[in-house]
>>> print(open('start-v2.tsv').read())   # TSV, C-alpha atoms and all ligand atoms
chain	number	residue	atom	x	y	z
A	268	MET	CA	0.00	0.00	0.00
A	269	ALA	CA	1.30	3.46	-0.91
A	270	ILE	CA	-0.14	6.93	-1.07
A	271	ALA	CA	0.57	9.83	-3.43
A	272	ILE	CA	-0.33	13.50	-3.69
A	273	LEU	CA	-0.90	15.68	-6.75
A	274	THR	CA	-2.06	19.23	-7.46
A	275	SER	CA	-4.44	19.93	-10.32
A	276	GLY	CA	-6.24	22.86	-11.97
A	277	GLY	CA	-5.49	26.42	-10.86
A	278	ASP	CA	-2.68	26.52	-8.31
A	279	CYS	CA	-3.01	28.48	-5.08
A	280	ALA	CA	-1.05	29.45	-2.01
A	281	GLY	CA	-1.34	26.75	0.63
A	282	MET	CA	-0.65	23.87	-1.73
A	283	ASN	CA	3.01	23.67	-0.69
A	284	PRO	CA	2.29	23.60	3.07
A	285	ALA	CA	-0.27	20.84	2.37
A	286	ILE	CA	2.29	18.82	0.39
A	287	LYS	CA	4.84	19.25	3.18
A	288	GLN	CA	2.38	18.10	5.82
A	289	PHE	CA	1.41	15.17	3.60
A	290	VAL	CA	5.02	13.98	3.43
A	291	ASP	CA	5.85	14.64	7.10
A	292	TYR	CA	2.64	13.05	8.38
A	293	CYS	CA	3.01	9.95	6.18
A	294	PHE	CA	6.56	9.44	7.46
A	295	SER	CA	5.33	9.81	11.04
A	296	LYS	CA	2.95	6.93	10.30
A	297	ASN	CA	5.66	4.83	8.64
A	298	ILE	CA	4.05	5.11	5.22
A	299	GLN	CA	6.07	5.89	2.11
A	300	PRO	CA	4.61	9.01	0.46
A	301	TYR	CA	4.87	9.64	-3.29
A	302	LEU	CA	4.77	12.90	-5.24
A	303	ILE	CA	3.10	13.13	-8.64
A	304	TYR	CA	4.49	16.03	-10.65
A	305	ASP	CA	2.53	18.15	-13.19
A	306	GLY	CA	-0.92	17.10	-12.01
A	307	LEU	CA	-3.00	14.73	-14.13
A	308	GLU	CA	-0.62	15.19	-17.05
A	309	GLY	CA	2.22	13.86	-14.89
A	310	LEU	CA	0.05	10.96	-13.77
A	311	ILE	CA	-0.38	9.96	-17.42
A	312	ASP	CA	3.31	10.50	-18.18
A	313	GLY	CA	4.45	8.54	-15.12
A	314	ASP	CA	6.15	11.51	-13.47
A	315	ILE	CA	5.92	9.92	-10.03
A	316	LYS	CA	8.63	9.94	-7.39
A	317	LYS	CA	9.14	8.56	-3.87
A	318	ALA	CA	9.10	11.58	-1.56
A	319	SER	CA	11.90	12.37	0.83
A	320	TYR	CA	12.19	15.00	3.56
A	321	GLU	CA	14.56	16.94	1.26
A	322	ASP	CA	11.85	17.23	-1.41
A	323	VAL	CA	9.69	19.27	0.90
A	324	ALA	CA	12.31	21.11	2.91
A	325	GLY	CA	11.91	24.88	2.91
A	326	MET	CA	8.63	24.95	1.02
A	327	MET	CA	6.26	26.00	3.81
A	328	HIS	CA	6.49	29.68	2.87
A	329	GLN	CA	6.44	29.26	-0.92
A	330	GLY	CA	3.40	30.13	-3.02
A	331	GLY	CA	2.12	28.03	-5.93
A	332	THR	CA	2.85	24.31	-6.01
A	333	MET	CA	6.37	22.92	-6.16
A	334	ILE	CA	5.07	19.69	-7.71
A	335	ARG	CA	3.37	21.86	-10.36
A	336	SER	CA	-0.13	21.63	-11.79
A	337	SER	CA	-1.88	21.19	-15.13
A	338	ARG	CA	-5.20	21.05	-16.89
A	339	SER	CA	-5.33	17.84	-18.89
A	340	LYS	CA	-7.40	17.17	-22.00
A	341	ARG	CA	-6.03	13.62	-22.14
A	342	PHE	CA	-7.45	12.63	-18.75
A	343	PHE	CA	-10.98	12.86	-20.20
A	344	GLU	CA	-10.14	9.78	-22.31
A	345	TYR	CA	-10.26	6.28	-20.83
A	346	GLU	CA	-7.18	5.22	-22.80
A	347	TYR	CA	-5.02	7.78	-20.97
A	348	ARG	CA	-6.62	7.13	-17.58
A	349	LYS	CA	-5.65	3.47	-18.07
A	350	ILE	CA	-2.04	4.47	-18.67
A	351	ALA	CA	-2.24	6.62	-15.51
A	352	TYR	CA	-3.53	3.62	-13.56
A	353	GLU	CA	-0.72	1.40	-14.84
A	354	ASN	CA	1.79	4.04	-13.74
A	355	LEU	CA	0.37	3.95	-10.22
A	356	GLN	CA	0.47	0.16	-10.18
A	357	LYS	CA	4.19	0.20	-10.98
A	358	HIS	CA	4.73	1.95	-7.62
A	359	GLY	CA	2.02	0.05	-5.74
A	360	ILE	CA	0.09	3.29	-5.19
A	361	ASP	CA	-3.58	2.72	-4.41
A	362	LYS	CA	-4.49	5.96	-2.64
A	363	LEU	CA	-4.39	9.55	-3.88
A	364	ILE	CA	-4.75	12.93	-2.24
A	365	ILE	CA	-5.61	15.62	-4.78
A	366	LEU	CA	-5.49	19.37	-4.23
A	367	GLY	CA	-7.71	21.10	-6.77
A	368	GLY	CA	-11.21	22.20	-7.65
A	369	ASP	CA	-14.40	20.37	-8.52
A	370	GLY	CA	-13.05	19.56	-12.01
A	371	SER	CA	-10.13	17.70	-10.46
A	372	PHE	CA	-12.47	15.87	-8.08
A	373	ARG	CA	-14.67	14.79	-11.00
A	374	ALA	CA	-11.54	13.52	-12.74
A	375	LEU	CA	-10.55	11.34	-9.79
A	376	ASP	CA	-14.11	10.17	-9.26
A	377	GLN	CA	-14.11	8.90	-12.84
A	378	PHE	CA	-10.73	7.28	-12.11
A	379	TYR	CA	-12.19	5.65	-8.98
A	380	LYS	CA	-15.11	4.30	-11.01
A	381	ASP	CA	-12.73	2.99	-13.69
A	382	PHE	CA	-10.09	1.37	-11.48
A	383	GLY	CA	-11.12	1.70	-7.82
A	384	VAL	CA	-8.26	4.02	-6.85
A	385	ASN	CA	-9.21	5.62	-3.53
A	386	PHE	CA	-8.86	9.36	-3.14
A	387	VAL	CA	-9.65	12.37	-1.00
A	388	GLY	CA	-10.01	15.79	-2.61
A	389	ILE	CA	-8.86	18.91	-0.77
A	390	PRO	CA	-10.74	22.01	-2.04
A	391	SER	CA	-8.03	24.35	-3.32
A	392	THR	CA	-8.92	27.38	-5.40
A	393	ILE	CA	-8.67	31.10	-4.85
A	394	ASP	CA	-12.21	31.41	-6.29
A	395	ASN	CA	-13.84	29.83	-3.18
A	396	ASP	CA	-16.55	28.48	-5.48
A	397	ILE	CA	-16.82	24.81	-4.51
A	398	PHE	CA	-20.25	23.76	-3.29
A	399	GLY	CA	-20.33	22.17	0.17
A	400	THR	CA	-17.42	23.99	1.81
A	401	GLU	CA	-17.25	27.43	3.35
A	402	TYR	CA	-13.52	27.62	2.74
A	403	CYS	CA	-11.13	26.58	-0.01
A	404	LEU	CA	-7.38	26.61	0.44
A	405	GLY	CA	-5.68	29.71	-0.98
A	406	VAL	CA	-8.55	32.14	-0.52
A	407	ASP	CA	-7.12	33.98	2.48
A	408	THR	CA	-3.79	34.58	0.74
A	409	ALA	CA	-5.49	35.81	-2.44
A	410	LEU	CA	-7.68	38.17	-0.40
A	411	ASN	CA	-4.64	39.56	1.37
A	412	ILE	CA	-2.87	40.15	-1.94
A	413	ILE	CA	-5.94	41.99	-3.24
A	414	ARG	CA	-6.10	44.03	-0.02
A	415	GLU	CA	-2.48	45.06	-0.29
A	416	ALA	CA	-2.87	46.03	-3.95
A	417	THR	CA	-6.11	47.92	-3.31
A	418	ASP	CA	-4.59	49.85	-0.40
A	419	ALA	CA	-1.71	50.87	-2.68
A	420	VAL	CA	-3.94	51.89	-5.59
A	421	ARG	CA	-6.10	53.91	-3.20
A	422	ASP	CA	-3.00	55.90	-2.11
A	423	THR	CA	-2.24	57.05	-5.63
A	424	SER	CA	-5.93	57.56	-6.50
A	425	ALA	CA	-6.31	59.87	-3.50
A	426	SER	CA	-3.17	61.79	-4.48
A	427	PHE	CA	-4.66	62.55	-7.92
A	428	LYS	CA	-8.35	62.84	-6.97
A	429	ARG	CA	-9.07	59.91	-9.24
A	430	ALA	CA	-11.32	56.89	-9.28
A	431	CYS	CA	-9.87	53.41	-9.63
A	432	VAL	CA	-11.49	50.24	-10.89
A	433	ILE	CA	-9.84	47.10	-9.53
A	434	GLU	CA	-10.68	43.80	-11.20
A	435	THR	CA	-10.28	40.62	-9.19
A	436	MET	CA	-10.20	37.01	-10.38
A	437	GLY	CA	-12.83	34.42	-9.49
A	438	ARG	CA	-14.00	33.11	-12.86
A	439	ASP	CA	-17.85	33.30	-12.64
A	440	CYS	CA	-17.88	33.77	-8.89
A	441	GLY	CA	-17.86	37.20	-7.21
A	442	TYR	CA	-16.59	36.03	-3.81
A	443	LEU	CA	-13.10	37.59	-4.03
A	444	ALA	CA	-14.49	40.91	-5.26
A	445	LEU	CA	-17.24	40.95	-2.66
A	446	VAL	CA	-15.05	40.25	0.36
A	447	SER	CA	-12.40	42.66	-0.95
A	448	ALA	CA	-14.94	45.44	-1.45
A	449	ILE	CA	-16.23	44.98	2.10
A	450	THR	CA	-12.82	44.76	3.73
A	451	CYS	CA	-11.03	47.41	1.66
A	452	GLY	CA	-13.75	50.00	2.14
A	453	ALA	CA	-14.70	50.28	-1.54
A	454	GLU	CA	-17.41	52.67	-2.68
A	455	VAL	CA	-18.71	50.37	-5.40
A	456	CYS	CA	-18.81	46.58	-5.80
A	457	ILE	CA	-19.94	44.96	-9.05
A	458	ILE	CA	-20.31	41.17	-9.03
A	459	PRO	CA	-22.52	38.76	-11.00
A	460	GLU	CA	-24.43	37.76	-7.84
A	461	LEU	CA	-25.75	41.24	-6.97
A	462	GLU	CA	-28.10	43.38	-9.01
A	463	TYR	CA	-26.87	46.96	-9.05
A	464	ASP	CA	-28.29	50.30	-10.11
A	465	LEU	CA	-25.74	52.48	-11.90
A	466	ASP	CA	-28.04	55.51	-11.89
A	467	LYS	CA	-28.37	55.40	-8.11
A	468	ILE	CA	-24.66	54.71	-7.62
A	469	GLY	CA	-23.85	57.63	-9.94
A	470	LYS	CA	-26.08	60.03	-8.00
A	471	ARG	CA	-24.54	58.91	-4.70
A	472	LEU	CA	-20.99	59.32	-5.97
A	473	LYS	CA	-21.65	62.75	-7.47
A	474	GLU	CA	-23.17	63.92	-4.19
A	475	GLU	CA	-20.17	62.62	-2.26
A	476	LEU	CA	-17.73	64.28	-4.67
A	477	LYS	CA	-19.62	67.56	-4.25
A	478	ASN	CA	-19.23	67.15	-0.49
A	479	GLY	CA	-15.47	66.71	-0.69
A	480	ARG	CA	-14.80	63.07	-1.60
A	481	LYS	CA	-11.26	62.84	-3.04
A	482	TYR	CA	-11.22	59.40	-4.66
A	483	ILE	CA	-13.46	56.45	-5.51
A	484	VAL	CA	-12.56	52.78	-5.22
A	485	CYS	CA	-14.62	50.33	-7.34
A	486	ILE	CA	-14.04	46.59	-7.14
A	487	VAL	CA	-15.34	44.47	-9.98
A	488	ALA	CA	-15.30	40.69	-10.44
A	489	GLU	CA	-13.68	39.03	-13.44
A	490	GLY	CA	-17.02	37.19	-13.93
A	491	CYS	CA	-18.59	40.47	-15.06
A	492	ASN	CA	-16.72	40.11	-18.35
A	493	SER	CA	-18.83	37.16	-19.40
A	494	GLN	CA	-22.09	38.02	-17.65
A	495	VAL	CA	-24.70	40.72	-18.13
A	496	CYS	CA	-22.82	43.15	-15.90
A	497	THR	CA	-20.80	46.26	-16.53
A	498	ASN	CA	-17.21	45.10	-16.85
A	499	THR	CA	-13.98	46.93	-16.02
A	500	ASN	CA	-13.78	48.95	-19.24
A	501	GLY	CA	-17.47	49.79	-19.05
A	502	LEU	CA	-17.06	51.08	-15.51
A	503	VAL	CA	-14.05	53.23	-16.39
A	504	LYS	CA	-16.02	54.81	-19.24
A	505	TRP	CA	-19.06	55.36	-17.01
A	506	LEU	CA	-17.00	56.91	-14.19
A	507	GLU	CA	-15.27	59.30	-16.57
A	508	GLU	CA	-18.26	60.24	-18.72
A	509	ASP	CA	-21.23	60.03	-16.34
A	510	VAL	CA	-19.76	60.58	-12.88
A	511	GLY	CA	-17.11	62.95	-14.21
A	512	ILE	CA	-13.95	61.74	-12.49
A	513	GLU	CA	-10.65	60.75	-14.05
A	514	THR	CA	-10.30	56.97	-13.70
A	515	ARG	CA	-7.65	54.28	-14.00
A	516	ALA	CA	-8.16	50.51	-14.17
A	517	THR	CA	-6.03	47.83	-12.50
A	518	ILE	CA	-6.60	44.24	-13.53
A	519	LEU	CA	-4.86	42.30	-10.78
A	520	GLY	CA	-4.65	39.03	-12.74
A	521	HIS	CA	-2.32	36.24	-11.74
A	522	VAL	CA	-0.61	38.09	-8.86
A	523	GLN	CA	-3.65	36.91	-6.91
A	524	ARG	CA	-2.63	33.28	-7.45
A	525	GLY	CA	0.94	33.65	-6.15
A	526	GLY	CA	2.59	34.93	-3.01
A	527	ASN	CA	3.59	33.45	0.32
A	528	PRO	CA	0.72	31.61	1.99
A	529	THR	CA	-0.77	33.43	4.98
A	530	VAL	CA	-0.68	31.87	8.44
A	531	TYR	CA	-4.34	30.92	8.01
A	532	ASP	CA	-3.69	29.08	4.74
A	533	ARG	CA	-0.67	27.29	6.21
A	534	LEU	CA	-2.72	26.10	9.16
A	535	MET	CA	-5.69	25.11	7.00
A	536	ALA	CA	-3.32	23.24	4.69
A	537	SER	CA	-1.94	21.24	7.61
A	538	GLU	CA	-5.39	20.38	8.90
A	539	PHE	CA	-6.90	19.55	5.52
A	540	ALA	CA	-3.95	17.26	4.71
A	541	THR	CA	-3.89	15.51	8.09
A	542	TYR	CA	-7.60	14.74	8.19
A	543	ALA	CA	-7.54	13.66	4.55
A	544	ILE	CA	-4.74	11.17	5.20
A	545	ASP	CA	-6.44	9.79	8.33
A	546	LYS	CA	-9.63	9.26	6.33
A	547	ILE	CA	-8.02	7.55	3.35
A	548	LEU	CA	-6.02	5.25	5.62
A	549	ASP	CA	-9.09	4.31	7.69
A	550	ASP	CA	-11.59	3.69	4.88
A	551	GLU	CA	-11.44	0.64	2.70
A	552	LYS	CA	-13.25	2.54	-0.05
A	553	CYS	CA	-12.82	6.26	-0.27
A	554	ASN	CA	-13.92	8.79	-2.89
A	555	HIS	CA	-14.56	11.83	-0.78
A	556	VAL	CA	-13.93	15.54	-0.54
A	557	ILE	CA	-12.94	17.08	2.76
A	558	VAL	CA	-14.95	20.23	3.51
A	559	TYR	CA	-14.79	22.89	6.20
A	560	ASN	CA	-17.99	24.30	7.68
A	561	LYS	CA	-18.69	26.08	10.95
A	562	SER	CA	-15.13	25.42	12.19
A	563	GLU	CA	-15.37	21.67	11.55
A	564	PHE	CA	-13.91	19.33	8.96
A	565	GLN	CA	-16.23	16.79	7.39
A	566	PHE	CA	-16.21	14.42	4.42
A	567	VAL	CA	-18.78	14.55	1.63
A	568	SER	CA	-19.31	12.64	-1.57
A	569	ILE	CA	-18.37	13.94	-5.00
A	570	ASP	CA	-22.03	13.69	-5.96
A	571	TYR	CA	-22.87	16.09	-3.16
A	572	VAL	CA	-20.19	18.57	-4.27
A	573	ASN	CA	-21.50	18.35	-7.82
A	574	SER	CA	-25.17	18.47	-6.85
A	575	GLN	CA	-25.43	22.27	-6.71
A	576	LYS	CA	-23.69	25.41	-7.83
A	577	TYR	CA	-21.82	27.26	-5.08
A	578	GLU	CA	-23.67	30.33	-3.85
A	579	ILE	CA	-22.29	33.13	-1.71
A	580	LYS	CA	-24.23	33.23	1.54
A	581	LYS	CA	-26.90	35.90	1.82
A	582	GLU	CA	-25.46	37.49	4.99
A	583	LEU	CA	-22.23	38.25	3.15
A	584	LEU	CA	-24.05	39.62	0.11
A	585	ASP	CA	-26.10	41.83	2.43
A	586	LEU	CA	-22.94	43.49	3.77
A	587	ALA	CA	-22.31	44.91	0.30
A	588	ARG	CA	-25.82	46.10	-0.55
A	589	ARG	CA	-24.97	49.74	0.13
A	590	LEU	CA	-22.24	49.49	-2.54
A	591	ILE	CA	-24.65	48.64	-5.34
A	592	ASN	CA	-27.11	51.54	-5.07
A	601	LIG	N1	-15.38	14.36	-16.05
A	601	LIG	C1	-14.05	14.32	-16.09
A	601	LIG	N2	-13.41	13.19	-16.49
A	601	LIG	C2	-12.06	13.15	-16.54
A	601	LIG	N3	-11.26	14.19	-16.24
A	601	LIG	C3	-11.82	15.33	-15.85
A	601	LIG	C4	-13.24	15.48	-15.75
A	601	LIG	N4	-13.50	16.74	-15.32
A	601	LIG	C5	-12.32	17.34	-15.15
A	601	LIG	N5	-11.30	16.52	-15.47
A	601	LIG	C6	-9.85	16.80	-15.40
A	601	LIG	O1	-9.59	17.65	-14.28
A	601	LIG	C7	-8.77	18.74	-14.69
A	601	LIG	C8	-8.93	19.90	-13.76
A	601	LIG	O2	-10.25	20.41	-13.87
A	601	LIG	P1	-10.49	21.99	-13.97
A	601	LIG	O3	-11.97	22.19	-14.05
A	601	LIG	O4	-9.63	22.57	-15.04
A	601	LIG	O5	-9.86	22.58	-12.64
A	601	LIG	P2	-10.35	22.58	-11.13
A	601	LIG	O6	-9.93	21.30	-10.50
A	601	LIG	O7	-9.62	23.75	-10.57
A	601	LIG	O8	-11.86	22.74	-11.12
A	601	LIG	C9	-9.16	18.96	-16.15
A	601	LIG	O9	-8.15	19.62	-16.86
A	601	LIG	C10	-9.34	17.53	-16.63
A	601	LIG	O10	-8.11	16.96	-16.97
A	602	LIG	O1	-4.49	30.50	-15.09
A	602	LIG	P1	-5.55	30.51	-16.14
A	602	LIG	O2	-5.61	29.25	-16.91
A	602	LIG	O3	-5.46	31.75	-16.97
A	602	LIG	O4	-6.95	30.57	-15.38
A	602	LIG	C1	-7.46	31.70	-14.78
A	602	LIG	C2	-8.59	31.25	-13.88
A	602	LIG	O5	-8.04	30.44	-12.83
A	602	LIG	C3	-8.42	30.97	-11.57
A	602	LIG	O6	-7.36	31.83	-11.13
A	602	LIG	C4	-8.57	29.85	-10.56
A	602	LIG	O7	-9.48	28.91	-11.03
A	602	LIG	P2	-9.46	27.36	-10.62
A	602	LIG	O8	-8.86	27.29	-9.25
A	602	LIG	O9	-10.91	26.95	-10.64
A	602	LIG	O10	-8.67	26.64	-11.63
A	602	LIG	C5	-9.68	31.80	-11.86
A	602	LIG	O11	-9.91	32.80	-10.90
A	602	LIG	C6	-9.33	32.37	-13.21
A	602	LIG	O12	-10.51	32.68	-13.93
>>> encode(input="start-v2.tsv", output="structure tokens")
Amino acid sequence: MAIAILTSGGDCAGMNPAIKQFVDYCFSKNIQPYLIYDGLEGLIDGDIKKASYEDVAGMMHQGGTMIRSSRSKRFFEYEYRKIAYENLQKHGIDKLIILGGDGSFRALDQFYKDFGVNFVGIPSTIDNDIFGTEYCLGVDTALNIIREATDAVRDTSASFKRACVIETMGRDCGYLALVSAITCGAEVCIIPELEYDLDKIGKRLKEELKNGRKYIVCIVAEGCNSQVCTNTNGLVKWLEEDVGIETRATILGHVQRGGNPTVYDRLMASEFATYAIDKILDDEKCNHVIVYNKSEFQFVSIDYVNSQKYEIKKELLDLARRLIN
């Protein structure tokens, strides 16, 4: 019996601390851990290595994933999954821990159905958009990067009496933009989940500018680009032409995916990894995702994770209602 770890889909801060804990904890239980490099692509290509303490030394503070990640078209095909399975067999690996999003969990669930390889999925995505868990690894670090960037952009906006539009990542989900708008003290928050009224926002902003406001901070979610929302360019145009304030846009992009993991993500990584290993070692059959709700870790089925679309909780949305009118 042997156990391996891989990272798949979008990387995030916290993956390295989880990999380190995986290796250290397996050794403490006298189990040989394996590392699979390059995600599902590496699984197909047989890029699998016995882990040693040296492999994970000094990686606690590093962002991204030192065993790298990938999105794999080949893994959708049975033929390649079979090759992946044969690669695992060569090392006697029958258990996998995967750090990724719901796509990666679906991939391993298919793999489990094909060949019975047990796995536990650890929700890891800066988007925080996996149904069934309040928290996904990497979110706290991404939020802190957005906060630092927004604080800096606000400084220069205030110096020039300008507005700024800051675009966060999140794919279709507005979580990062929402929490950032609330915690960075933004004046406007545009996300796919909240209906907004530009006329009302415009009137409010003009009134505030008349009363001495020196700058405006707008936070907009990446998801607005593909949805029926005003996107970053649209907002810049509207601020300049309708509200009448010089405006600059900052699209934060991939800086949000890097950076040293925060203390919270390091701790969550250790806990997620430890509980996941305990579960996979205890259960004869295991195709679960570990989730975190109300300060507790639980295990749920892939079907449950896939049964609904993630929705931001109402109480959090309510905190931003004054930023959309
Ligand atoms: N139904 C599936 N069958 C096989 N492989 C899948 C399936 N769904 C997703 N995958 C694999 O999982 C990878 C990661 O999924 P993706 O949605 O890109 O990222 P995430 O895990 O962050 O949601 C995909 O590139 C693909 O290789
Ligand atoms: O790195 P890429 O391929 O450009 O993907 C960008 C996307 O990945 C993310 O950063 C993270 O998404 P996942 O964790 O679901 O892969 C999204 O916020 C963003 O839309």
>>> closest_atom_pairs(input="start-v2.tsv", of="chain A", to="ligand LIG 601 (chain A)", cutoff="6 Å", atoms="all atoms listed in the file", output="Markdown table")
| residue | atom | partner | partner_atom | distance |
| --- | --- | --- | --- | --- |
| A:Ser275 | CA | A:LIG601 | C8 | 5.7 |
| A:Gly276 | CA | A:LIG601 | O5 | 3.7 |
| A:Gly277 | CA | A:LIG601 | O7 | 4.9 |
| A:Arg338 | CA | A:LIG601 | O9 | 3.3 |
| A:Ser339 | CA | A:LIG601 | O10 | 3.5 |
| A:Lys340 | CA | A:LIG601 | O10 | 5.1 |
| A:Phe342 | CA | A:LIG601 | O10 | 4.7 |
| A:Phe343 | CA | A:LIG601 | C2 | 3.8 |
| A:Gly367 | CA | A:LIG601 | O6 | 4.3 |
| A:Gly368 | CA | A:LIG601 | O6 | 3.3 |
| A:Asp369 | CA | A:LIG601 | O8 | 4.3 |
| A:Gly370 | CA | A:LIG601 | O2 | 3.5 |
| A:Ser371 | CA | A:LIG601 | O6 | 3.6 |
| A:Arg373 | CA | A:LIG601 | N4 | 4.9 |
| A:Ala374 | CA | A:LIG601 | N3 | 3.6 |
| A:Gln377 | CA | A:LIG601 | N2 | 5.7 |
>>> write_last_selection(input="start-v2.tsv", atoms="C-alpha atoms", output="compact mmCIF listing (two decimals), in the coordinates of the input")
# COMPACT_ATOMS: atom_id res chain seq x y z
CA SER A 275 -4.44 19.93 -10.32
CA GLY A 276 -6.24 22.86 -11.97
CA GLY A 277 -5.49 26.42 -10.86
CA ARG A 338 -5.20 21.05 -16.89
CA SER A 339 -5.33 17.84 -18.89
CA LYS A 340 -7.40 17.17 -22.00
CA PHE A 342 -7.45 12.63 -18.75
CA PHE A 343 -10.98 12.86 -20.20
CA GLY A 367 -7.71 21.10 -6.77
CA GLY A 368 -11.21 22.20 -7.65
CA ASP A 369 -14.40 20.37 -8.52
CA GLY A 370 -13.05 19.56 -12.01
CA SER A 371 -10.13 17.70 -10.46
CA ARG A 373 -14.67 14.79 -11.00
CA ALA A 374 -11.54 13.52 -12.74
CA GLN A 377 -14.11 8.90 -12.84
>>> residues_around(input="start-v2.tsv", residues="region 518-533 of chain A", least_positions_apart="2", cutoff="10 Å", atoms="only C-alpha atoms", output="number ranges by chain")
A: 277-285, 288, 326-332, 392-394, 403-413, 416-417, 432-437, 443, 487-489, 499, 516, 535-539
>>> closest_residue(input="start-v2.tsv", among="A:Thr450, A:Ser562, A:Asn500, A:Asn385", to="Ile547 (chain A)", atoms="only C-alpha atoms")
A:Asn385
>>> closest_residue(input="start-v2.tsv", among="A:Tyr559, A:Gln575, A:Thr423, A:Phe564", to="Lys546 (chain A)", atoms="all atoms listed in the file")
A:Phe564
>>> residues_near_point(input="start-v2.tsv", point="(-7.9, 1.5, 5.0)", cutoff="12 Å", atoms="all atoms listed in the file", output="PyMOL selection string")
chain A and resi 268-270+361-362+385-386+544-553
>>> residues_around(input="start-v2.tsv", residues="region 306-317 of chain A", least_positions_apart="6", cutoff="9 Å", atoms="only C-alpha atoms", output="ChimeraX atom specification")
/A:271,273-276,299-300,334-342,347-355,358,365,371,374
>>> atom_distance(input="start-v2.tsv", atom1="CA of Pro459 (chain A)", atom2="CA of Leu586 (chain A)")
15.5 Å
>>> closest_residue(input="start-v2.tsv", among="A:Val510, A:Lys581, A:Thr541, A:Tyr463", to="Tyr292 (chain A)", atoms="only C-alpha atoms")
A:Thr541
